[in-house]
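S.K.: Provided herewith: query.csv, CSV, C-alpha atoms.
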chain,number,residue,atom,x,y,z
W,1,MET,CA,-37.7,-23.8,-103.4
W,2,ALA,CA,-34.1,-22.6,-104.0
W,3,GLU,CA,-31.3,-25.2,-103.8
W,4,ASP,CA,-29.4,-23.2,-101.2
W,5,VAL,CA,-32.3,-23.3,-98.7
W,6,ALA,CA,-31.6,-25.9,-96.0
W,7,LEU,CA,-34.3,-28.6,-95.8
W,8,VAL,CA,-34.5,-31.6,-93.5
W,9,SER,CA,-36.8,-34.7,-93.0
W,10,ALA,CA,-38.9,-35.0,-89.9
W,11,ALA,CA,-37.1,-38.2,-89.0
W,12,ASP,CA,-33.7,-36.6,-89.1
W,13,TYR,CA,-34.8,-33.6,-87.2
W,14,ASP,CA,-36.4,-35.8,-84.5
W,15,ALA,CA,-33.2,-37.8,-84.1
W,16,LEU,CA,-31.3,-34.6,-83.6
W,17,ARG,CA,-33.7,-33.1,-81.1
W,18,SER,CA,-34.7,-36.1,-79.1
W,19,GLY,CA,-32.3,-39.0,-80.0
W,20,ALA,CA,-28.8,-39.5,-81.2
W,21,ALA,CA,-28.0,-38.4,-84.7
W,22,LEU,CA,-24.9,-39.8,-86.5
W,23,VAL,CA,-23.4,-37.6,-89.1
W,24,ASN,CA,-20.2,-37.9,-91.2
W,25,ARG,CA,-18.1,-34.8,-90.5
W,26,SER,CA,-14.9,-36.0,-92.2
W,27,ASP,CA,-15.0,-33.2,-94.7
W,28,ARG,CA,-13.6,-30.9,-92.0
W,29,GLY,CA,-9.9,-30.2,-92.2
W,30,ARG,CA,-7.7,-31.4,-89.4
W,31,TRP,CA,-4.1,-30.5,-88.4
W,32,ARG,CA,-1.6,-31.4,-85.6
W,33,PHE,CA,0.9,-28.8,-84.4
W,34,THR,CA,3.8,-29.8,-82.1
W,35,GLY,CA,7.0,-28.3,-80.8
W,36,GLU,CA,7.9,-26.0,-77.9
W,37,LYS,CA,6.7,-22.9,-79.9
W,38,ALA,CA,3.4,-24.4,-81.1
W,39,ALA,CA,1.3,-22.5,-78.6
W,40,GLU,CA,3.1,-19.2,-79.2
W,41,THR,CA,3.0,-19.6,-82.9
W,42,LEU,CA,-0.8,-20.4,-83.0
W,43,THR,CA,-1.5,-17.5,-80.6
W,44,GLY,CA,0.2,-15.2,-83.1
W,45,LEU,CA,-2.0,-16.3,-85.9
W,46,VAL,CA,-5.5,-16.4,-84.4
W,47,THR,CA,-7.9,-14.1,-82.5
W,48,ASN,CA,-8.0,-16.2,-79.3
W,49,ASP,CA,-5.4,-17.0,-76.7
W,50,VAL,CA,-4.1,-20.5,-77.5
W,51,SER,CA,-1.2,-20.1,-75.0
W,52,ALA,CA,-3.6,-20.0,-72.1
W,53,LEU,CA,-5.0,-23.5,-72.9
W,54,LYS,CA,-4.2,-26.5,-70.7
W,55,PRO,CA,-4.3,-30.1,-71.9
W,56,CYS,CA,-7.9,-31.3,-72.6
W,57,GLU,CA,-9.1,-27.7,-73.1
W,58,GLY,CA,-10.0,-26.1,-76.4
W,59,LEU,CA,-11.3,-22.9,-77.9
W,60,TYR,CA,-12.9,-21.3,-80.9
W,61,ALA,CA,-11.0,-18.7,-82.9
W,62,ALA,CA,-10.5,-17.0,-86.3
W,63,ALA,CA,-7.6,-16.5,-88.6
W,64,LEU,CA,-7.6,-13.1,-90.3
W,65,THR,CA,-6.0,-11.1,-93.1
W,66,PRO,CA,-3.8,-8.2,-92.2
W,67,LYS,CA,-6.9,-6.0,-92.8
W,68,GLY,CA,-8.8,-7.9,-90.2
W,69,LYS,CA,-11.0,-10.0,-92.5
W,70,ILE,CA,-11.8,-13.6,-91.8
W,71,VAL,CA,-9.7,-16.2,-93.6
W,72,ALA,CA,-11.1,-19.1,-91.6
W,73,ASP,CA,-12.8,-19.9,-88.3
W,74,LEU,CA,-11.4,-22.9,-86.5
W,75,ARG,CA,-11.4,-24.9,-83.3
W,76,ILE,CA,-8.1,-25.5,-81.5
W,77,PHE,CA,-7.6,-28.3,-78.9
W,78,CYS,CA,-4.7,-28.6,-76.5
W,79,GLU,CA,-3.3,-32.1,-76.2
W,80,SER,CA,-0.5,-33.4,-73.9
W,81,ASP,CA,2.0,-33.3,-76.8
W,82,GLY,CA,0.7,-30.5,-79.0
W,83,PHE,CA,-2.5,-29.1,-80.6
W,84,LEU,CA,-5.2,-30.4,-82.8
W,85,ALA,CA,-6.9,-27.8,-85.0
W,86,ASP,CA,-9.9,-28.2,-87.3
W,87,THR,CA,-11.9,-26.1,-89.7
W,88,GLY,CA,-15.0,-26.5,-91.8
W,89,ALA,CA,-14.5,-27.8,-95.3
W,90,ALA,CA,-14.9,-24.4,-96.9
W,91,ALA,CA,-12.5,-22.7,-94.5
W,92,ALA,CA,-9.8,-25.4,-94.8
W,93,PRO,CA,-8.0,-24.0,-97.9
W,94,GLY,CA,-7.6,-20.6,-96.3
W,95,TRP,CA,-6.2,-22.0,-93.0
W,96,ARG,CA,-3.9,-24.4,-95.0
W,97,ALA,CA,-2.5,-21.5,-97.0
W,98,MET,CA,-2.0,-19.3,-93.9
W,99,SER,CA,-0.3,-22.0,-92.0
W,100,ARG,CA,2.2,-22.6,-94.8
W,101,LYS,CA,2.8,-18.9,-95.2
W,102,PHE,CA,3.4,-17.9,-91.6
W,103,ILE,CA,4.5,-21.0,-89.7
W,104,ASN,CA,8.1,-22.1,-89.8
W,105,PRO,CA,7.9,-26.0,-89.6
W,106,ARG,CA,11.3,-26.0,-87.9
W,107,VAL,CA,9.9,-24.0,-85.0
W,108,ALA,CA,6.4,-25.4,-84.8
W,109,PRO,CA,6.1,-28.6,-86.9
W,110,PHE,CA,2.7,-29.2,-88.3
W,111,THR,CA,1.0,-31.9,-90.3
W,112,GLU,CA,-2.4,-32.1,-92.0
W,113,ILE,CA,-4.1,-35.3,-90.9
W,114,SER,CA,-7.4,-34.9,-92.8
W,115,GLU,CA,-6.7,-38.0,-94.9
W,116,GLN,CA,-5.4,-40.1,-92.0
W,117,THR,CA,-8.4,-39.4,-89.7
W,118,ARG,CA,-12.1,-39.3,-89.8
W,119,ASP,CA,-14.7,-37.3,-87.8
W,120,ILE,CA,-17.8,-39.0,-86.6
W,121,GLY,CA,-20.3,-36.5,-85.2
W,122,VAL,CA,-22.9,-37.6,-82.6
W,123,PHE,CA,-25.5,-34.9,-81.8
W,124,GLY,CA,-28.8,-34.8,-79.9
W,125,ALA,CA,-30.4,-35.2,-76.5
W,126,GLY,CA,-29.4,-38.9,-76.4
W,127,ALA,CA,-25.8,-38.4,-77.6
W,128,ALA,CA,-24.1,-38.6,-74.2
W,129,GLU,CA,-26.0,-41.7,-73.1
W,130,LEU,CA,-25.2,-43.5,-76.4
W,131,LEU,CA,-21.5,-42.7,-76.1
W,132,ALA,CA,-21.4,-44.0,-72.5
W,133,ARG,CA,-22.4,-47.4,-74.0
W,134,VAL,CA,-19.5,-47.6,-76.3
W,135,LEU,CA,-16.8,-46.1,-74.1
W,136,GLU,CA,-14.7,-49.0,-72.7
W,137,ASP,CA,-14.9,-47.8,-69.1
W,138,GLY,CA,-18.6,-47.1,-69.4
W,139,GLY,CA,-18.0,-43.7,-67.7
W,140,SER,CA,-19.8,-40.4,-68.0
W,141,ALA,CA,-16.8,-38.1,-68.1
W,142,HIS,CA,-17.8,-37.0,-71.6
W,143,SER,CA,-21.1,-35.7,-70.4
W,144,GLN,CA,-19.4,-33.3,-68.1
W,145,LEU,CA,-17.1,-31.8,-70.7
W,146,SER,CA,-17.3,-28.0,-71.0
W,147,ARG,CA,-17.1,-26.0,-74.2
W,148,TYR,CA,-14.5,-27.4,-76.6
W,149,SER,CA,-13.1,-29.7,-73.9
W,150,HIS,CA,-11.9,-33.1,-75.0
W,151,PHE,CA,-10.0,-36.2,-74.0
W,152,ARG,CA,-8.4,-39.3,-75.4
W,153,ALA,CA,-11.0,-42.0,-75.2
W,154,ARG,CA,-10.9,-45.7,-75.6
W,155,PHE,CA,-14.0,-47.3,-77.1
W,156,THR,CA,-15.2,-50.9,-77.0
W,157,GLY,CA,-13.0,-53.1,-79.1
W,158,GLY,CA,-9.9,-51.1,-78.3
W,159,VAL,CA,-10.5,-48.2,-80.7
W,160,GLU,CA,-8.7,-45.0,-79.5
W,161,ALA,CA,-9.9,-41.6,-80.6
W,162,THR,CA,-10.2,-38.0,-79.5
W,163,LEU,CA,-13.7,-37.2,-78.1
W,164,ILE,CA,-14.6,-33.5,-78.3
W,165,ARG,CA,-17.5,-31.5,-76.9
W,166,ALA,CA,-18.9,-29.8,-80.0
W,167,MET,CA,-20.6,-26.4,-79.7
W,168,ASP,CA,-21.7,-26.1,-83.4
W,169,LEU,CA,-25.4,-26.2,-82.7
W,170,GLY,CA,-25.9,-24.0,-79.7
W,171,ASP,CA,-27.8,-25.8,-77.0
W,172,ILE,CA,-28.1,-29.1,-78.8
W,173,PRO,CA,-25.6,-31.5,-77.2
W,174,GLY,CA,-22.9,-32.7,-79.6
W,175,PHE,CA,-19.6,-34.6,-79.8
W,176,ASP,CA,-17.0,-35.1,-82.5
W,177,ILE,CA,-15.0,-38.3,-82.5
W,178,VAL,CA,-11.7,-37.9,-84.4
W,179,VAL,CA,-10.7,-41.4,-85.1
W,180,PRO,CA,-8.0,-43.1,-87.2
W,181,ALA,CA,-9.4,-43.7,-90.7
W,182,GLU,CA,-8.9,-47.5,-90.4
W,183,SER,CA,-11.0,-47.6,-87.2
W,184,GLU,CA,-14.0,-45.5,-88.5
W,185,GLU,CA,-16.0,-48.3,-89.9
W,186,ALA,CA,-15.8,-50.4,-86.7
W,187,LEU,CA,-16.8,-47.5,-84.4
W,188,ARG,CA,-19.5,-46.3,-86.7
W,189,GLY,CA,-20.9,-49.8,-86.7
W,190,GLN,CA,-21.1,-49.9,-82.9
W,191,LEU,CA,-22.9,-46.6,-82.8
W,192,LEU,CA,-25.5,-47.7,-85.4
W,193,ALA,CA,-26.0,-51.0,-83.6
W,194,LEU,CA,-26.9,-49.2,-80.4
W,195,GLY,CA,-29.5,-47.0,-82.1
W,196,ALA,CA,-27.8,-44.0,-83.6
W,197,LEU,CA,-29.7,-42.7,-86.6
W,198,PRO,CA,-27.5,-41.7,-89.6
W,199,VAL,CA,-28.6,-38.3,-90.8
W,200,SER,CA,-27.5,-35.9,-93.6
W,201,SER,CA,-25.4,-32.8,-92.8
W,202,GLY,CA,-28.4,-30.8,-93.8
W,203,VAL,CA,-30.1,-31.4,-90.5
W,204,LEU,CA,-27.1,-29.9,-88.8
W,205,ASP,CA,-27.4,-26.9,-91.1
W,206,VAL,CA,-31.0,-26.3,-90.1
W,207,ALA,CA,-30.1,-26.5,-86.4
W,208,ARG,CA,-27.1,-24.2,-86.9
W,209,ILE,CA,-29.3,-21.6,-88.6
W,210,GLU,CA,-31.9,-21.9,-85.8
W,211,ALA,CA,-29.2,-21.1,-83.3
W,212,GLY,CA,-27.8,-18.2,-85.4
W,213,ILE,CA,-24.3,-19.7,-85.6
W,214,PRO,CA,-22.5,-18.6,-88.8
W,215,GLU,CA,-20.7,-20.9,-91.2
W,216,TRP,CA,-17.6,-19.7,-93.1
W,217,GLY,CA,-18.1,-19.6,-96.8
W,218,VAL,CA,-21.9,-19.1,-96.4
W,219,ASP,CA,-22.6,-16.4,-93.7
W,220,MET,CA,-19.1,-15.0,-93.5
W,221,ASN,CA,-16.0,-14.9,-95.8
W,222,GLU,CA,-12.8,-12.9,-96.5
W,223,ASP,CA,-14.9,-9.7,-96.8
W,224,THR,CA,-16.3,-10.1,-93.2
W,225,LEU,CA,-14.9,-8.6,-90.0
W,226,PRO,CA,-15.0,-10.8,-86.9
W,227,GLN,CA,-17.4,-8.5,-85.1
W,228,GLU,CA,-19.7,-8.4,-88.1
W,229,ALA,CA,-20.0,-12.2,-87.7
W,230,ASN,CA,-20.5,-11.9,-83.9
W,231,LEU,CA,-17.4,-13.9,-83.2
W,232,ASP,CA,-16.8,-11.8,-80.0
W,233,ASP,CA,-20.2,-13.1,-78.7
W,234,LEU,CA,-19.1,-16.6,-79.6
W,235,ASP,CA,-16.0,-16.2,-77.4
W,236,ALA,CA,-13.6,-16.4,-80.4
W,237,ILE,CA,-11.7,-13.2,-79.6
W,238,SER,CA,-9.4,-12.3,-76.8
W,239,TYR,CA,-8.9,-8.6,-76.3
W,240,SER,CA,-6.1,-9.0,-73.8
W,241,LYS,CA,-3.6,-11.3,-75.5
W,242,GLY,CA,-0.6,-10.4,-77.6
W,243,CYS,CA,-0.4,-9.5,-81.2
W,244,TYR,CA,-1.8,-11.5,-84.1
W,245,VAL,CA,-2.4,-11.0,-87.8
W,246,GLY,CA,-5.2,-8.5,-88.2
W,247,GLN,CA,-5.3,-7.5,-84.5
W,248,GLU,CA,-5.1,-3.7,-85.0
W,249,VAL,CA,-8.3,-3.6,-86.9
W,250,VAL,CA,-10.2,-5.8,-84.5
W,251,ALA,CA,-8.9,-3.9,-81.5
W,252,ARG,CA,-9.8,-0.5,-83.0
W,253,ILE,CA,-13.4,-1.6,-83.6
W,254,HIS,CA,-13.7,-2.9,-80.1
W,255,PHE,CA,-12.1,-0.1,-78.2
W,256,ARG,CA,-12.9,2.9,-80.4
W,257,GLY,CA,-15.7,2.2,-82.7
W,258,HIS,CA,-18.3,-0.3,-84.0
W,259,VAL,CA,-19.2,-2.2,-87.1
W,260,ASN,CA,-22.0,-0.9,-89.4
W,261,LYS,CA,-23.6,-4.2,-90.0
W,262,MET,CA,-23.7,-7.6,-88.4
W,263,LEU,CA,-25.2,-11.1,-88.7
W,264,ARG,CA,-28.6,-11.5,-87.2
W,265,ARG,CA,-31.1,-14.2,-86.8
W,266,VAL,CA,-34.3,-13.7,-88.8
W,267,THR,CA,-37.6,-15.4,-89.3
W,268,PHE,CA,-39.8,-15.4,-92.5
W,269,ASP,CA,-43.5,-15.2,-93.1
W,270,GLY,CA,-45.0,-18.1,-95.0
W,271,GLU,CA,-43.3,-21.1,-96.4
W,272,GLN,CA,-41.3,-19.5,-99.3
W,273,MET,CA,-37.7,-19.2,-98.2
W,274,PRO,CA,-35.6,-16.5,-99.7
W,275,PRO,CA,-32.4,-17.9,-101.2
W,276,ARG,CA,-28.9,-16.8,-100.2
W,277,GLY,CA,-28.1,-13.3,-101.5
W,278,THR,CA,-31.7,-12.0,-101.4
W,279,GLU,CA,-31.7,-8.3,-100.7
W,280,LEU,CA,-33.6,-7.0,-97.6
W,281,VAL,CA,-35.3,-3.6,-97.6
W,282,ASP,CA,-36.9,-1.5,-94.9
W,283,GLU,CA,-40.4,0.0,-95.1
W,284,SER,CA,-39.1,2.9,-97.2
W,285,GLY,CA,-37.6,0.5,-99.7
W,286,LYS,CA,-34.0,1.2,-98.6
W,287,ALA,CA,-31.6,-1.8,-98.9
W,288,VAL,CA,-30.4,-2.7,-95.3
W,289,GLY,CA,-29.0,-6.2,-95.7
W,290,ASP,CA,-29.0,-9.5,-97.4
W,291,ILE,CA,-29.8,-13.1,-96.6
W,292,ARG,CA,-26.9,-15.4,-95.9
W,293,SER,CA,-28.6,-18.7,-94.8
W,294,SER,CA,-32.2,-19.8,-94.8
W,295,ALA,CA,-34.0,-23.0,-93.7
W,296,LEU,CA,-37.4,-24.4,-93.2
W,297,SER,CA,-37.4,-25.7,-89.7
W,298,PRO,CA,-39.9,-28.3,-88.6
W,299,ARG,CA,-40.0,-26.6,-85.2
W,300,LEU,CA,-39.8,-22.8,-86.0
W,301,GLY,CA,-40.8,-22.5,-89.6
W,302,GLY,CA,-38.8,-20.2,-91.8
W,303,VAL,CA,-35.6,-19.1,-90.2
W,304,GLY,CA,-32.4,-17.6,-91.5
W,305,ILE,CA,-29.2,-15.6,-90.9
W,306,ALA,CA,-28.8,-12.2,-92.5
W,307,MET,CA,-26.2,-9.5,-92.6
W,308,VAL,CA,-28.2,-6.4,-91.5
W,309,ARG,CA,-27.3,-2.8,-90.8
W,310,ARG,CA,-26.7,-2.1,-87.1
W,311,GLU,CA,-29.5,0.5,-86.8
W,312,ILE,CA,-32.2,-2.2,-87.4
W,313,SER,CA,-33.5,-2.9,-83.9
W,314,PRO,CA,-34.5,-6.3,-82.6
W,315,GLY,CA,-38.0,-7.0,-83.7
W,316,GLY,CA,-37.6,-4.8,-86.8
W,317,LYS,CA,-39.7,-5.7,-89.8
W,318,LEU,CA,-38.1,-6.0,-93.3
W,319,VAL,CA,-39.1,-7.3,-96.7
W,320,ALA,CA,-37.3,-9.8,-98.9
W,321,ARG,CA,-38.0,-9.8,-102.6
W,322,TRP,CA,-36.7,-12.4,-105.1
W,323,GLU,CA,-38.1,-13.5,-108.4
W,324,ASN,CA,-41.8,-13.0,-108.2
W,325,VAL,CA,-42.0,-13.6,-104.4
W,326,THR,CA,-42.2,-11.1,-101.5
W,327,ALA,CA,-41.8,-12.2,-97.9
W,328,GLY,CA,-41.9,-10.4,-94.6
W,329,VAL,CA,-38.8,-10.8,-92.4
W,330,ALA,CA,-38.5,-10.2,-88.7
W,331,VAL,CA,-35.1,-9.5,-87.2
W,332,ALA,CA,-34.2,-11.1,-83.9
Please lay out the structure from this file as structure tokens.
M.R.:
Amino acid sequence: MAEDVALVSAADYDALRSGAALVNRSDRGRWRFTGEKAAETLTGLVTNDVSALKPCEGLYAAALTPKGKIVADLRIFCESDGFLADTGAAAAPGWRAMSRKFINPRVAPFTEISEQTRDIGVFGAGAAELLARVLEDGGSAHSQLSRYSHFRARFTGGVEATLIRAMDLGDIPGFDIVVPAESEEALRGQLLALGALPVSSGVLDVARIEAGIPEWGVDMNEDTLPQEANLDDLDAISYSKGCYVGQEVVARIHFRGHVNKMLRRVTFDGEQMPPRGTELVDESGKAVGDIRSSALSPRLGGVGIAMVRREISPGGKLVARWENVTAGVAVA
């Protein structure tokens, strides 16, 4: 099976679906933005309305090139004294470069805190219950957090961290704990002692693909328009806020046109998973798309994310061919 096909052990998958899976997410990039102009500055750089956020609220957004292509997707969280922003590892260099190019640090000071902090991810049906046992007040406020909401939490032993409601895996409950680097080991030890199961990032990848959620650098990149990646469906785009880099292209597509291709969930026949980049053809042999992600799910079998031409209807049947293998593909 190809190396870029996501695989997962049954134990890791069960922990994610029915228990509390612990995963190291520290490879994500993290920044803090402060100053009176921080909200205005960030709003002018990304597709969503940062200026509308109140403390403890957050959102999902994308940063674009002037031609409307995706430089990075990121989460932005409003704190009492500024903003925390984070990106996936592959998207971090693009966001870093864009911040340095467009943000005047005298107007909106910003600092990358990737080295000074760590990100402990806790995902699964038992994640909220597990966290309640390590929060100092034993409360359940975290279980009531809405999408991308967060708060400053104090954990047993005096560890303070930012607790974030993560939406990376669709309907699977998840939390990110952004903690000072020097406190990571202690907090991680508490979670393990209470039954959290450490899993590889691969199990998150399988669940992400099951949910049809794109990852920058895999399913989308600097050649992808936001609407091609369904970022409007993921609430990453505001069509009513002020100007931002790349807005003209995004607005023109939304109000006057459409994209010709978009990311779609797909399923595969059999147990042979097509690798990334495999061409998809229709019944006439015409190329209509390509595979971006694929995984062998213990629950659903072969699943993937593909860039497919818009005229292919839900339920459409395609064919993937690679090396000496042919597989049927159904488009969701």
S.K.: Per residue of segment 132-245 of chain W within 6 Å of segment 33-54 of chain W, what are the shortest atom pair and its distance in Å to one decimal, counting only C-alpha atoms, with rows by chain and residue number, as a Markdown table?
M.R.:
| residue | atom | partner | partner_atom | distance |
| --- | --- | --- | --- | --- |
| W:Ala236 | CA | W:Asn48 | CA | 5.7 |
| W:Ile237 | CA | W:Asn48 | CA | 4.8 |
| W:Ser238 | CA | W:Asn48 | CA | 4.8 |
| W:Tyr244 | CA | W:Gly44 | CA | 4.3 |
| W:Val245 | CA | W:Leu45 | CA | 5.6 |
S.K.: Using Å and a single decimal, report how far atom CA of Val266 of chain W sits from atom CA of Asp223 of chain W.
M.R.: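 Interatomic distance, atom CA of Asp223 of chain W to atom CA of Val266 of chain W: 21.4 Å.
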S.K.: Skipping near chain neighbours, those fewer than 2 positions away, what residues fall within 8 Å of segment 282-286 of chain W using all atoms listed in the file, listed as a PDB file with C-alpha atoms, in the coordinates of the input?
M.R.:
ATOM      1  CA  LEU W 280     -33.600  -7.000 -97.600  1.00  0.00           C
ATOM      2  CA  VAL W 288     -30.400  -2.700 -95.300  1.00  0.00           C
ATOM      3  CA  LYS W 317     -39.700  -5.700 -89.800  1.00  0.00           C
ATOM      4  CA  LEU W 318     -38.100  -6.000 -93.300  1.00  0.00           C
ATOM      5  CA  VAL W 319     -39.100  -7.300 -96.700  1.00  0.00           C
TER       6      VAL W 319
END
S.K.: Considering all atoms listed in the file, can you say which of W:Ala91, W:Ile70, W:Val134, W:Ile164 comes closest to Val249 of chain W?
M.R.: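 Nearest to Val249 of chain W: W:Ile70.
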S.K.: May I ask for the distance between atom CA of Val250 of chain W and atom CA of Lys69 of chain W, given in Å to one decimal place?
M.R.: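 Between atom CA of Val250 of chain W and atom CA of Lys69 of chain W the gap works out to 9.1 Å.
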S.K.: As an exercise, work out the distance from atom CA of His254 of chain W to atom CA of Glu222 of chain W in Å and give it to one decimal place.
M.R.: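 Straight-line distance from atom CA of His254 of chain W to atom CA of Glu222 of chain W works out to 19.2 Å.
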S.K.: Extract, using all atoms listed in the file, all DNA, RNA and protein residues at most 12 Å from Gly138 of chain W, discarding same-chain residues fewer than 5 positions from it, and format them as a short mmCIF file (atom, residue, chain, number, x, y, z; two decimals) with C-alpha atoms, in the coordinates of the input.
M.R.:
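Full text of selection-v1.cif as output:
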data_model
loop_
_atom_site.label_atom_id
_atom_site.label_comp_id
_atom_site.auth_asym_id
_atom_site.auth_seq_id
_atom_site.Cartn_x
_atom_site.Cartn_y
_atom_site.Cartn_z
CA ALA W 128 -24.10 -38.60 -74.20
CA GLU W 129 -26.00 -41.70 -73.10
CA LEU W 130 -25.20 -43.50 -76.40
CA LEU W 131 -21.50 -42.70 -76.10
CA ALA W 132 -21.40 -44.00 -72.50
CA ARG W 133 -22.40 -47.40 -74.00
CA SER W 143 -21.10 -35.70 -70.40
CA ALA W 153 -11.00 -42.00 -75.20
CA ARG W 154 -10.90 -45.70 -75.60
CA PHE W 155 -14.00 -47.30 -77.10
CA THR W 156 -15.20 -50.90 -77.00
#
S.K.: Considering all atoms listed in the file, can you say which of W:Thr65, W:Leu263, W:Ser240, W:Tyr60 comes closest to Arg165 of chain W?
M.R.: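 Ranking W:Thr65, W:Leu263, W:Ser240, W:Tyr60 by distance to Arg165 of chain W, first place goes to W:Tyr60.
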S.K.: Counting only C-alpha atoms, what are the residues of segment 45-75 of chain W within 10 Å of segment 195-218 of chain W, and for each of them which pair of atoms is the nearest and at what distance in Å, to one decimal? Sort the table by chain and rising number, as a Markdown table.
M.R.:
| residue | atom | partner | partner_atom | distance |
| --- | --- | --- | --- | --- |
| W:Ile70 | CA | W:Trp216 | CA | 8.5 |
| W:Val71 | CA | W:Trp216 | CA | 8.7 |
| W:Ala72 | CA | W:Trp216 | CA | 6.7 |
| W:Asp73 | CA | W:Trp216 | CA | 6.8 |
| W:Leu74 | CA | W:Trp216 | CA | 9.6 |
S.K.: Residues at most 7 Å from Gly124 of chain W, counting only C-alpha atoms, excluding those fewer than 3 positions away in the same chain, as a VMD selection string?
M.R.: chain W and resid 15 to 21 127 172 to 174
S.K.: What's around Phe83 of chain W at 7 Å? Count all atoms listed in the file, leave out sequence neighbours fewer than 4 positions away in its own chain, and write the answer as a PyMOL selection string.
M.R.: chain W and resi 32-34+76-79
